[in-house]
Structure formats: C-alpha cells, structure tokens
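Reproduced below: start.cif, with mmCIF, C-alpha atoms.
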```cif
data_upload
loop_
_atom_site.label_atom_id
_atom_site.label_comp_id
_atom_site.auth_asym_id
_atom_site.auth_seq_id
_atom_site.Cartn_x
_atom_site.Cartn_y
_atom_site.Cartn_z
CA MET A 10 124.75 99.09 82.50
CA GLU A 11 121.08 100.02 82.63
CA PHE A 12 118.37 99.79 80.01
CA SER A 13 115.01 101.55 80.24
CA VAL A 14 111.84 100.86 78.26
CA LEU A 15 109.20 101.98 80.80
CA GLY A 16 109.11 105.48 79.38
CA PRO A 17 111.67 106.90 76.93
CA LEU A 18 114.25 104.44 75.59
CA ARG A 19 117.52 104.64 77.51
CA MET A 20 120.84 102.81 77.45
CA HIS A 21 123.15 104.31 80.04
CA GLU A 22 125.85 103.66 82.59
CA ARG A 23 126.72 105.82 85.59
CA GLY A 24 124.58 108.64 84.33
CA VAL A 25 126.10 108.72 80.83
CA SER A 26 123.79 107.93 77.92
CA TYR A 27 124.84 105.62 75.12
CA THR A 28 121.39 105.44 73.55
CA PRO A 29 121.49 105.42 69.74
CA THR A 30 119.83 108.38 68.03
CA ALA A 31 118.96 106.93 64.60
CA PRO A 32 115.23 105.99 64.54
CA LYS A 33 115.61 102.50 63.05
CA GLN A 34 118.44 101.58 65.41
CA ARG A 35 116.38 102.73 68.37
CA GLN A 36 113.44 100.67 67.12
CA LEU A 37 115.63 97.61 66.77
CA LEU A 38 117.19 98.10 70.21
CA ALA A 39 113.70 98.39 71.73
CA LEU A 40 112.65 95.13 70.07
CA LEU A 41 115.74 93.34 71.36
CA LEU A 42 115.23 94.71 74.89
CA LEU A 43 111.61 93.58 75.03
CA ASN A 44 112.91 90.12 74.14
CA ALA A 45 116.05 90.33 76.27
CA ASN A 46 118.08 87.11 76.53
CA GLU A 47 115.99 85.50 73.81
CA VAL A 48 116.76 85.07 70.13
CA VAL A 49 114.81 87.43 67.90
CA SER A 50 114.66 86.07 64.36
CA THR A 51 115.82 88.13 61.42
CA GLY A 52 112.32 87.76 60.00
CA THR A 53 110.81 89.32 63.12
CA CYS A 54 113.33 92.17 63.00
CA ILE A 55 112.53 92.85 59.36
CA GLU A 56 108.79 92.72 60.00
CA GLU A 57 109.14 95.22 62.83
CA LEU A 58 111.34 97.64 60.89
CA TRP A 59 109.53 97.57 57.52
CA GLU A 60 106.18 95.83 58.16
CA ASP A 61 104.80 94.49 54.87
CA ALA A 62 107.14 96.39 52.56
CA PRO A 63 110.76 95.47 53.27
CA PRO A 64 113.32 96.68 50.72
CA ASN A 65 115.38 94.23 48.72
CA SER A 66 118.32 95.22 50.88
CA ALA A 67 116.48 94.53 54.15
CA LEU A 68 118.83 91.79 55.38
CA SER A 69 122.04 93.70 54.69
CA THR A 70 120.52 96.89 56.15
CA LEU A 71 119.52 94.97 59.28
CA GLN A 72 123.08 93.70 59.62
CA SER A 73 124.29 97.30 59.33
CA TYR A 74 121.94 98.36 62.13
CA ILE A 75 123.24 95.55 64.34
CA LEU A 76 126.79 96.74 63.70
CA GLN A 77 125.82 100.29 64.68
CA LEU A 78 124.23 99.03 67.91
CA ARG A 79 127.43 97.14 68.73
CA ARG A 80 129.41 100.31 68.16
CA SER A 81 127.10 102.08 70.62
CA LEU A 82 127.75 99.31 73.15
CA ARG A 83 131.50 99.53 72.52
CA ARG A 84 131.44 103.13 73.78
CA VAL A 85 130.46 101.92 77.24
CA PRO A 86 133.71 101.90 79.26
CA ARG A 87 133.24 98.47 80.82
CA ILE A 88 132.63 96.97 77.35
CA GLY A 89 135.22 98.94 75.45
CA SER A 90 135.66 96.87 72.30
CA LEU A 91 133.67 95.63 69.36
CA GLN A 92 134.57 92.06 70.26
CA ALA A 93 133.13 92.47 73.76
CA ALA A 94 130.04 94.13 72.28
CA ARG A 95 129.52 91.03 70.11
CA GLY A 96 129.36 89.00 73.31
CA ILE A 97 126.45 91.15 74.48
CA LEU A 98 124.62 91.56 71.18
CA GLU A 99 125.12 88.09 69.81
CA THR A 100 124.47 86.70 66.36
CA ARG A 101 122.63 83.41 66.70
CA ASP A 102 121.33 81.00 64.07
CA GLY A 103 118.55 82.86 62.33
CA GLY A 104 118.62 85.95 64.54
CA TYR A 105 120.10 88.05 67.32
CA LEU A 106 120.16 87.95 71.12
CA LEU A 107 120.80 90.88 73.45
CA ALA A 108 122.23 89.61 76.73
CA VAL A 109 120.95 91.67 79.68
CA GLY A 110 122.07 91.00 83.24
CA GLY A 111 119.79 90.68 86.23
CA GLY A 112 118.41 94.04 87.30
CA GLU A 113 119.77 95.88 84.24
CA LEU A 114 116.38 96.24 82.50
CA ASP A 115 113.69 98.29 84.21
CA ALA A 116 110.93 96.02 82.87
CA ASP A 117 112.56 93.07 84.66
CA ARG A 118 112.81 95.04 87.90
CA PHE A 119 109.15 96.03 87.50
CA ARG A 120 108.04 92.41 87.16
CA GLY A 121 110.20 91.32 90.10
CA LEU A 122 108.63 93.92 92.38
CA VAL A 123 105.16 92.96 91.13
CA ARG A 124 105.79 89.30 92.04
CA GLU A 125 107.02 90.38 95.47
CA GLY A 126 104.04 92.68 95.99
CA ARG A 127 101.47 90.11 94.95
CA ALA A 128 102.99 87.56 97.30
CA ALA A 129 102.89 90.10 100.14
CA LEU A 130 99.22 90.89 99.51
CA ARG A 131 98.34 87.42 100.74
CA HIS A 132 99.16 88.45 104.29
CA ASP A 133 100.05 92.17 104.45
CA ASP A 134 98.24 94.87 102.47
CA GLU A 135 100.63 97.58 103.68
CA LEU A 136 103.72 95.78 102.41
CA GLY A 137 102.02 94.60 99.23
CA ALA A 138 100.80 98.08 98.34
CA ALA A 139 104.28 99.50 98.98
CA CYS A 140 105.92 96.95 96.68
CA LEU A 141 103.41 97.56 93.92
CA ALA A 142 103.79 101.32 94.30
CA GLU A 143 107.57 100.94 93.96
CA ALA A 144 107.04 98.89 90.81
CA LEU A 145 104.77 101.55 89.31
CA GLY A 146 107.34 104.19 90.22
CA LEU A 147 109.69 102.69 87.62
CA TRP A 148 107.38 103.96 84.87
CA HIS A 149 108.11 107.38 83.39
CA GLY A 150 105.24 107.81 80.97
CA ALA A 151 104.15 105.39 78.24
CA ALA A 152 106.58 102.58 77.45
CA LEU A 153 108.99 103.46 74.63
CA SER A 154 107.30 106.81 74.26
CA ASP A 155 110.03 108.18 71.98
CA VAL A 156 110.43 105.15 69.70
CA GLN A 157 108.62 104.55 66.42
CA ARG A 158 106.70 101.30 66.53
CA GLY A 159 106.08 98.58 64.02
CA PRO A 160 103.63 95.68 64.40
CA VAL A 161 105.79 93.57 66.70
CA LEU A 162 106.53 96.38 69.15
CA ARG A 163 102.90 97.45 69.14
CA ALA A 164 101.81 93.96 70.20
CA HIS A 165 104.42 93.86 72.97
CA LEU A 166 103.41 97.27 74.25
CA VAL A 167 99.72 96.36 74.47
CA GLY A 168 100.65 93.52 76.82
CA LEU A 169 103.02 95.71 78.85
CA GLU A 170 100.35 98.38 79.32
CA GLU A 171 97.87 95.71 80.45
CA GLU A 172 100.40 94.60 83.07
CA ARG A 173 100.74 98.19 84.27
CA ILE A 174 96.98 98.70 84.62
CA SER A 175 96.57 95.38 86.43
CA VAL A 176 99.18 96.46 88.98
CA HIS A 177 97.43 99.82 89.41
CA GLU A 178 94.16 98.01 90.13
CA GLN A 179 95.72 95.67 92.68
CA ARG A 180 97.61 98.42 94.48
CA ILE A 181 94.51 100.63 94.61
CA ALA A 182 92.42 97.71 95.91
CA ALA A 183 94.94 97.23 98.73
CA ASP A 184 94.87 100.95 99.52
CA LEU A 185 91.07 100.86 99.64
CA ARG A 186 91.24 97.98 102.12
CA LEU A 187 93.62 100.12 104.18
CA GLY A 188 91.11 102.99 104.27
CA ARG A 189 93.12 105.32 102.02
CA HIS A 190 90.16 106.43 99.91
CA GLN A 191 90.83 110.15 100.34
CA GLU A 192 94.42 109.80 99.08
CA LEU A 193 93.24 107.86 96.02
CA LEU A 194 90.78 110.40 94.64
CA GLY A 195 93.23 112.40 92.51
CA GLU A 196 94.94 109.32 91.10
CA LEU A 197 91.67 107.60 90.24
CA SER A 198 90.26 110.73 88.67
CA GLY A 199 93.23 110.82 86.29
CA LEU A 200 93.12 107.10 85.55
CA THR A 201 89.43 107.12 84.66
CA VAL A 202 90.03 109.99 82.26
CA LYS A 203 92.93 108.12 80.67
CA TYR A 204 90.94 104.86 80.46
CA PRO A 205 87.33 105.99 79.94
CA MET A 206 85.95 102.47 79.35
CA HIS A 207 87.82 100.63 82.11
CA GLU A 208 85.11 99.37 84.46
CA SER A 209 87.29 98.25 87.37
CA LEU A 210 89.04 101.61 87.70
CA HIS A 211 85.68 103.40 87.55
CA ALA A 212 84.31 101.07 90.21
CA GLN A 213 87.28 101.82 92.45
CA PHE A 214 86.79 105.56 91.88
CA MET A 215 83.11 105.27 92.76
CA LEU A 216 83.94 103.38 95.94
CA ALA A 217 86.60 105.90 96.98
CA LEU A 218 84.23 108.82 96.34
CA TYR A 219 81.43 107.16 98.28
CA ARG A 220 83.71 106.46 101.23
CA ALA A 221 84.85 110.09 101.13
CA GLY A 222 81.24 111.20 101.56
CA ARG A 223 80.76 112.21 97.92
CA ARG A 224 77.93 109.92 96.88
CA THR A 225 76.56 112.25 94.20
CA GLN A 226 79.94 112.37 92.45
CA ALA A 227 80.25 108.60 92.72
CA LEU A 228 76.93 108.19 90.90
CA GLU A 229 78.04 110.73 88.28
CA VAL A 230 81.12 108.61 87.56
CA GLN A 231 78.84 105.66 86.83
CA ARG A 232 76.59 107.81 84.63
CA ARG A 233 79.56 108.94 82.52
CA LEU A 234 80.84 105.40 82.17
CA ASN A 235 77.40 104.15 81.13
CA THR A 236 77.22 106.82 78.44
CA VAL A 237 80.66 105.96 77.07
CA LEU A 238 80.01 102.20 77.06
CA ARG A 239 76.69 102.57 75.26
CA THR A 240 77.95 105.16 72.78
CA GLU A 241 81.26 103.52 71.92
CA LEU A 242 80.50 99.82 72.35
CA GLY A 243 76.73 99.47 72.59
CA LEU A 244 77.14 97.77 75.98
CA ASP A 245 75.53 98.11 79.38
CA PRO A 246 77.68 98.11 82.53
CA SER A 247 78.53 94.76 84.04
CA PRO A 248 76.40 93.18 86.81
CA ARG A 249 79.26 93.86 89.23
CA LEU A 250 79.12 97.59 88.51
CA ARG A 251 75.33 97.61 88.70
CA ARG A 252 75.54 95.98 92.15
CA LEU A 253 77.93 98.67 93.31
CA HIS A 254 75.60 101.35 91.93
CA GLN A 255 72.68 99.90 93.87
CA ALA A 256 74.77 99.63 97.04
CA ILE A 257 75.72 103.32 96.76
CA LEU A 258 72.09 104.33 96.17
CA ALA A 259 71.01 102.30 99.18
CA GLY A 260 73.80 103.55 101.44
CA ASP A 261 74.84 99.92 101.98
CA THR A 262 77.06 99.85 105.09
CA THR A 263 79.10 96.92 103.77
CA ILE A 264 80.88 99.24 101.33
CA ASP A 265 81.71 101.83 103.98
CA ALA A 266 85.36 102.53 104.75
CA PRO A 267 87.02 99.56 106.48
CA ALA A 268 88.09 99.86 110.08
CA ASN A 269 91.86 100.07 109.77
CA THR A 270 92.99 98.86 113.16
CA ASP A 271 95.81 96.61 112.03
CA GLY A 272 96.12 97.39 108.30
CA VAL A 273 95.56 93.74 107.32
CA LEU A 274 92.34 92.01 106.29
CA THR A 275 91.93 88.28 105.99
CA ALA A 276 92.42 86.81 102.53
CA ASP A 277 88.77 86.38 101.55
CA ARG A 278 87.06 89.35 103.17
CA PHE A 279 86.71 91.31 99.95
CA ALA A 280 86.86 88.43 97.47
CA ALA A 281 84.05 87.72 95.06
CA PRO A 282 83.15 84.01 94.76
CA GLY A 283 85.90 82.06 93.06
CA ARG A 284 88.44 84.93 93.08
CA GLY A 285 91.40 85.62 95.34
CA ARG A 286 91.87 88.87 97.19
CA ALA A 287 94.83 89.92 95.07
CA SER A 288 92.61 90.16 92.01
CA GLY A 289 91.62 93.65 93.09
CA GLU A 290 87.99 93.05 92.24
CA GLY A 291 86.62 91.97 95.60
CA GLU A 292 85.82 95.48 96.86
CA LEU A 293 82.41 95.24 95.20
CA VAL A 294 80.82 92.48 97.29
CA THR A 295 77.33 93.49 98.46
CA ALA A 296 75.57 92.91 101.74
CA ALA A 297 73.30 90.29 100.18
CA GLY A 298 76.23 88.31 98.85
CA ALA A 299 78.02 88.57 102.17
CA ALA A 300 74.97 87.32 104.04
CA ARG A 301 74.69 84.30 101.77
CA ARG A 302 78.27 83.34 102.63
CA GLY A 303 78.10 84.32 106.28
CA ASP A 304 80.97 86.70 105.57
CA PRO A 305 81.10 89.84 107.79
CA LEU A 306 83.37 91.56 105.21
CA LEU A 307 85.28 93.67 107.68
CA ARG A 308 87.14 93.14 110.88
CA ARG A 309 85.29 95.49 113.24
#
```

Since I need it in another form, could you write the structure as structure tokens?
Amino acid sequence: MEFSVLGPLRMHERGVSYTPTAPKQRQLLALLLLNANEVVSTGTCIEELWEDAPPNSALSTLQSYILQLRRSLRRVPRIGSLQAARGILETRDGGYLLAVGGGELDADRFRGLVREGRAALRHDDELGAACLAEALGLWHGAALSDVQRGPVLRAHLVGLEEERISVHEQRIAADLRLGRHQELLGELSGLTVKYPMHESLHAQFMLALYRAGRRTQALEVQRRLNTVLRTELGLDPSPRLRRLHQAILAGDTTIDAPANTDGVLTADRFAAPGRGRASGEGELVTAAGAARRGDPLLRR
C-alpha cells in the first residue's frame, strides 16, 4: 500500500487507485496521513472540515466519513474486509489513528532521504547532493494540490513547504561547491520566480550567474530582489546579500568557481561563523572574512 501527499493525494496499491473522490473524505484522509500513526482528535478533525462553523451534526457526519474511508481501504485486496480496515484506521479515545507502515507514505520517504543526505554532506558533497535530489524527486507539484484545505491542513502544509525549500537550498549549495553552476541556472531562475522574496535562493542564483560569467545578470537579480523587498515589506537586503553584491562588483576571486578536483570540500570551507556547512548559507563568505579566519576557502 502506498500513500502520496507530495503532490496530488493518492492511495494506491500495485498501480490501482483506491483514493476516495468525495472532497470531505479526501480532506480527512489528508489530515490523517499528515499525522500518520498519531491520534488526531475529533475536535481537530471537525475544525479542519468545518473551521469555525461546524454543523450540529458534525460528530455523526465525521463518523460517517470515517466509515467511508474504511470502505475505501476494504477495497484494497490485501485488506479485504471492514474489520481489517478498522485495524488500519483505528478509533482511539477522543479521535482516530491511521496506521501507515514504514516506507508507505512518500512524506516519510522524503524525510528519510533528507536525513541520509544531510549526514552525507558532512563528508561527501556528491553523495549528499544525490540523496537530496532523490528526496526532491518524490515531489510532484505542491503538496496535496488537489485537496481542499482547512486551517489545520494549511498549517501543516506551510511547514512541509518550508522543509522542501530548505532541502532545495542545501542541495544547490552542495552543487555549487561541486562547480555545477551552469547546470543550476535554469532551476534557480524558476525558483526565484516562484519565491520572489527568498534571499538565500536569490543569493545562490547570483553566485551561479557570476561563476558562469554573467555578472551583469547576477547584479540584475539583486536589483529585482531589492525592489520587491522594499515594495512589499519595506526592507533592505540582508548584510549577507550586500556582501555578496560587493564581492560581485569587485570581482572577488574568493567567490569564483571552486576547483573540483575531488568533489569534496572540508566541512568549514564555505561556512559562515557559527554555522555548519550543511546549512547551505556558507557560499557567501567574502575574502575579508576569510582572511580574518585564515581560511583559504577552496582547496586549490
């Protein structure tokens, strides 16, 4: 049995879909999947389905939706009965629990690969980037893109999207350390359009453009970001971004493409003070900062 939330909602086995079609049942299934193997209270279910205006019949209607989900599970050949379905979608004191096995939920597989990739980044950028890329490959558009969302799902999805962007940043940082700036240009162009106020992604795009010999375009990326930040938020760019801007203007050699002789850099070569390399933010260290620490930045 497989469940998918990183894109359209799916409940399937061996290529056959058993996903419910009724909107409220899909919404409830999504809520249970995002809290897999944990009890979700009836109050939380009701809040998600009806927000601040539940009907008088909310509890009995919720119970009806649970029954319909169990009937969907019963259709799966290896489950086969309503009694077996009750063992998967359990009624617990004050709520419901959907039991999901290891590897059955794509969000769990995503997080497992992310843990593996982040551990690998401590010693091997190539392996770490590959693991993180595999994790990102599990996404097929926005999470639960075809499910209506109440307040509880919306809160969950904000956190899930933040996880996704963090993994993008870390994988791109590893690729930059590996000298893959040319390959990153298309991806970063799309990401900065999708997230027009995300400074780290813009900084990575600027760095990739600069390393590809496109300094004018790199400076234009900063100009657009500055305009958006000031117009939308009334903010100036961060000191980190301003340092990168100055380094690009000055043609600072410390932000040139790394020499990729072995594909692995030591753990602190690109790290800003107080931050580990896996943070994805260390690409922006300047020559002045490096000189203060006696850090040559790159293995030459």

Selection under test: the PyMOL selection byres ((chain A and resi 189-192) around 7); residues as a PyMOL selection string: chain A and resi 184-185+187-188+193-194+217+220-221

Residue contacts of A:Leu82 (6 Å, all atoms listed in the file) excluding same-chain residues fewer than 3 positions away, as a ChimeraX atom specification: /A:79,85,94

Residues within 8 Å of A:Val109, only C-alpha atoms, excluding chain neighbours under 2 positions, as JSON, numbers by chain: {"A": [45, 46, 97, 107, 111, 113, 114]}

Taking C-alpha atoms for each residue, export the selection above as a CSV table (one decimal), keeping the file's coordinate frame.
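Okay, result.csv is ready:
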```csv
chain,number,residue,atom,x,y,z
A,45,ALA,CA,116.0,90.3,76.3
A,46,ASN,CA,118.1,87.1,76.5
A,97,ILE,CA,126.4,91.2,74.5
A,107,LEU,CA,120.8,90.9,73.4
A,111,GLY,CA,119.8,90.7,86.2
A,113,GLU,CA,119.8,95.9,84.2
A,114,LEU,CA,116.4,96.2,82.5
```

Residue nearest A:Leu106 among A:Leu169, A:Ala256, A:Leu38, A:Ala62 (counting all atoms listed in the file): A:Leu38

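Interatomic distance, atom CA of A:Ile257 against atom CA of A:Ala138: 25.7 Å.
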
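Atom pair atom CA of A:Lys33 / atom CA of A:Gln157: separated by 8.0 Å.
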